[in-house]
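Worksheet: the structure to be examined is printed underneath.
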Amino acid sequence: MLVRSSLLALCLAAVPALPARAAPHTELYSASFAGLYSASFADPFARSGKLAEAVCPEPAITHGGIPRTREYLSVVVKCLHKSWKARFAADRKRFREPRVRFYDEPERRVCGVPWPESAAAFYCTNHRALVFPLTGEWIENRTDLYPLKVAAHEYGHHLQSLTGIRRHYEARVKASPGRQAELGRRYELQADCLSGVFLGAVWESLDRTGEDWTALLDATRASGDDEHRRSHGTGVTRVRWLKRGYQALSPAACDTWSAPRAT
């Protein structure tokens, strides 16, 4: 969810065979989303290459019954820094690491605004900071890959800020406020896709199985929009973009802006 007044990009967390990197699906690109990008704004990821496969051993999130969520997330963020810094360097784009803030419990205010209600991890666009509560269903007592995926999703919002995608997105919302909800979903789905790119790049070093991948897809599907909330895309659509990024290994595959309105 994107909170316009506070410039916060939020990810609300809900609680087979080894996944193959098949050719990505193309049906999402059968229609253009006219008017989102102006002639002077080309997709910053359009010509980007693949994210290099990297070693990122996943640490235990608990040890001897003691939570080690800060240590877990610190390792994941370090891997995200390394992978995306190398990709930006290869694309000759300027890269800057985001700030990272850990909180034992949600506080009254964060990034200069009230703590977002019902939020798990999120990205403060005005401070360019990843915010990670160390408690909550999104990460406590989990053994699946969902916390890693959430961290990679929020990092995707940082990449959107670095490349100017967020700035252009906000300009389009200002110009067409009636399309804010749809544009917001496209913004969030692109972050899902970028998280898939990272997962694909580090998968071989995670010591995970096909069952773990299936569990992650199930958790992602469960985190989709319902009849009362339309902010991140349906569960089916979120899974589709996550898988697309994983299979392609390149942010060039994450052009949610060109997808049909059914997204």
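Just remember, in the structure tokens the first chain shown is A, the second B, etc., residues are 1-based per chain, and ligands are 1-based in the order shown.
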
Per DSSP on the backbone, what are the strand (DSSP E) residues of stretch 9-245 of chain A, as a CSV table (one decimal) with C-alpha atoms, in the first residue's frame?
```csv
chain,number,residue,atom,x,y,z
A,9,ALA,CA,5.5,2.5,0.2
A,10,LEU,CA,4.1,-0.3,2.4
A,62,THR,CA,15.7,-18.6,15.3
A,63,HIS,CA,18.4,-20.4,17.2
A,66,ILE,CA,15.6,-17.5,20.5
A,67,PRO,CA,14.5,-15.2,17.7
A,99,ARG,CA,19.0,3.1,5.2
A,100,VAL,CA,17.8,0.2,7.3
A,101,ARG,CA,15.9,0.6,10.5
A,102,PHE,CA,14.9,-2.2,12.9
A,103,TYR,CA,12.2,-1.9,15.5
A,109,ARG,CA,5.8,7.4,14.7
A,110,VAL,CA,8.3,6.4,12.0
A,113,VAL,CA,4.7,10.2,10.3
A,114,PRO,CA,2.4,7.9,12.4
A,122,PHE,CA,7.7,-1.2,4.6
A,123,TYR,CA,9.8,1.4,2.7
A,124,CYS,CA,9.9,5.1,3.7
A,129,ALA,CA,14.8,3.7,4.4
A,130,LEU,CA,13.7,0.0,4.8
A,131,VAL,CA,11.8,-0.4,8.0
A,132,PHE,CA,11.7,-3.8,9.6
A,133,PRO,CA,9.6,-4.6,12.7
```

Option closest in space to A:His153, from A:Leu242, A:Lys78, A:Val173, A:Asp212 [counting only C-alpha atoms]: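 Looking only at the distances to A:His153, the closest residue turns out to be A:Leu242.
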
Spatial neighbours of stretch 79-86 of chain A, 9 Å, only C-alpha atoms, chain gap at least 3 places, as a list of chain:residue names: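 Counting only C-alpha atoms, the residues come to A:Leu51, A:Ala52, A:Glu53, A:Ala54, A:Val55, A:Cys56, A:Ser74, A:Val75, A:Val76, A:Ala89, A:Ala90, A:Asp91, A:Arg94, A:Phe95, A:Arg96, A:Glu97, A:Pro98, A:Ala151, A:Ala152, A:Tyr155, A:Leu159, A:Phe198, A:Ala201, A:Val202.
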
Who sits within 10 Å of stretch 138-144 of chain A, only C-alpha atoms, same chain under 5 positions skipped, as number ranges by chain: A: 12-15, 60-62, 65-69, 73, 119-121, 132-133, 149-150, 208, 211-216, 219

Given the selection you just returned, output its residues as a file containing C-alpha atoms, formatted as a PDB file, in the first residue's frame.
```pdb
ATOM      1  CA  LEU A  12       1.243  -5.539   4.193  1.00  0.00           C
ATOM      2  CA  ALA A  13       2.314  -9.059   5.076  1.00  0.00           C
ATOM      3  CA  ALA A  14      -0.134 -11.935   5.417  1.00  0.00           C
ATOM      4  CA  VAL A  15       0.694 -14.706   7.014  1.00  0.00           C
ATOM      5  CA  ALA A  60      18.443 -19.400  10.755  1.00  0.00           C
ATOM      6  CA  ILE A  61      15.676 -17.045  11.810  1.00  0.00           C
ATOM      7  CA  THR A  62      15.671 -18.627  15.276  1.00  0.00           C
ATOM      8  CA  GLY A  65      14.193 -21.082  20.426  1.00  0.00           C
ATOM      9  CA  ILE A  66      15.617 -17.541  20.509  1.00  0.00           C
ATOM     10  CA  PRO A  67      14.537 -15.199  17.678  1.00  0.00           C
ATOM     11  CA  ARG A  68      17.364 -14.002  15.464  1.00  0.00           C
ATOM     12  CA  THR A  69      15.269 -11.865  13.166  1.00  0.00           C
ATOM     13  CA  LEU A  73      17.367  -9.600   7.933  1.00  0.00           C
ATOM     14  CA  ALA A 119       1.771  -2.649   8.320  1.00  0.00           C
ATOM     15  CA  ALA A 120       4.506  -5.246   8.409  1.00  0.00           C
ATOM     16  CA  ALA A 121       7.784  -4.278   6.751  1.00  0.00           C
ATOM     17  CA  PHE A 132      11.677  -3.830   9.593  1.00  0.00           C
ATOM     18  CA  PRO A 133       9.620  -4.598  12.724  1.00  0.00           C
ATOM     19  CA  LYS A 149      10.512 -12.200  -0.166  1.00  0.00           C
ATOM     20  CA  VAL A 150       9.048  -9.269   1.805  1.00  0.00           C
ATOM     21  CA  ARG A 208      15.615 -24.767  -0.201  1.00  0.00           C
ATOM     22  CA  GLU A 211       8.159 -27.506  -1.472  1.00  0.00           C
ATOM     23  CA  ASP A 212       9.622 -24.294  -0.052  1.00  0.00           C
ATOM     24  CA  TRP A 213       8.934 -22.546  -3.345  1.00  0.00           C
ATOM     25  CA  THR A 214       5.361 -23.794  -3.345  1.00  0.00           C
ATOM     26  CA  ALA A 215       4.915 -22.573   0.230  1.00  0.00           C
ATOM     27  CA  LEU A 216       6.194 -19.138  -0.765  1.00  0.00           C
ATOM     28  CA  ALA A 219       1.932 -17.227   1.190  1.00  0.00           C
TER      29      ALA A 219
END
```

Against stretch 254-258 of chain A, which residues of stretch 110-194 of chain A fall within 7 Å? For each one I want the closest pair of atoms and the distance in Å (one decimal), counting only C-alpha atoms, rows by chain and increasing residue number, as CSV.
```
residue,atom,partner,partner_atom,distance
A:Arg186,CA,A:Thr256,CA,5.6
A:Leu189,CA,A:Thr256,CA,6.7
A:Gln190,CA,A:Cys254,CA,5.6
A:Cys193,CA,A:Cys254,CA,5.6
A:Leu194,CA,A:Cys254,CA,6.6
```

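The coordinates place atom CA of A:Arg238 at 13.2 Å from atom CA of A:Gly184.
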
Nearest to A:Ala46, chosen from A:Lys243, A:Arg185, A:Thr163, A:Arg70, with only C-alpha atoms counted in the distances: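 Counting only C-alpha atoms, the residue closest to A:Ala46 is A:Thr163.
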
Among the residues A:Arg47, A:Gln180, A:Val77, A:Leu206, the one that comes closest to A:Arg92 [using only C-alpha atoms]: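 Of all the options, A:Arg47 lies closest to A:Arg92.
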
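Distance check against A:Tyr187 using only C-alpha atoms: of A:Arg166, A:Arg128, A:Lys174, A:Arg240, the minimum falls on A:Arg166.
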
Closest of A:Glu188, A:Leu249, A:His168, A:Ala259 to A:Gly49 - atom-to-atom distances counting only C-alpha atoms: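 Result for the nearest residue to A:Gly49: A:Leu249.
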
From A:Thr237, A:Val197, A:Gly164, A:Thr209, residue lying nearest A:Ala252 [only C-alpha atoms]: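 Going through A:Thr237, A:Val197, A:Gly164, A:Thr209 one by one, the smallest distance to A:Ala252 is for A:Val197.
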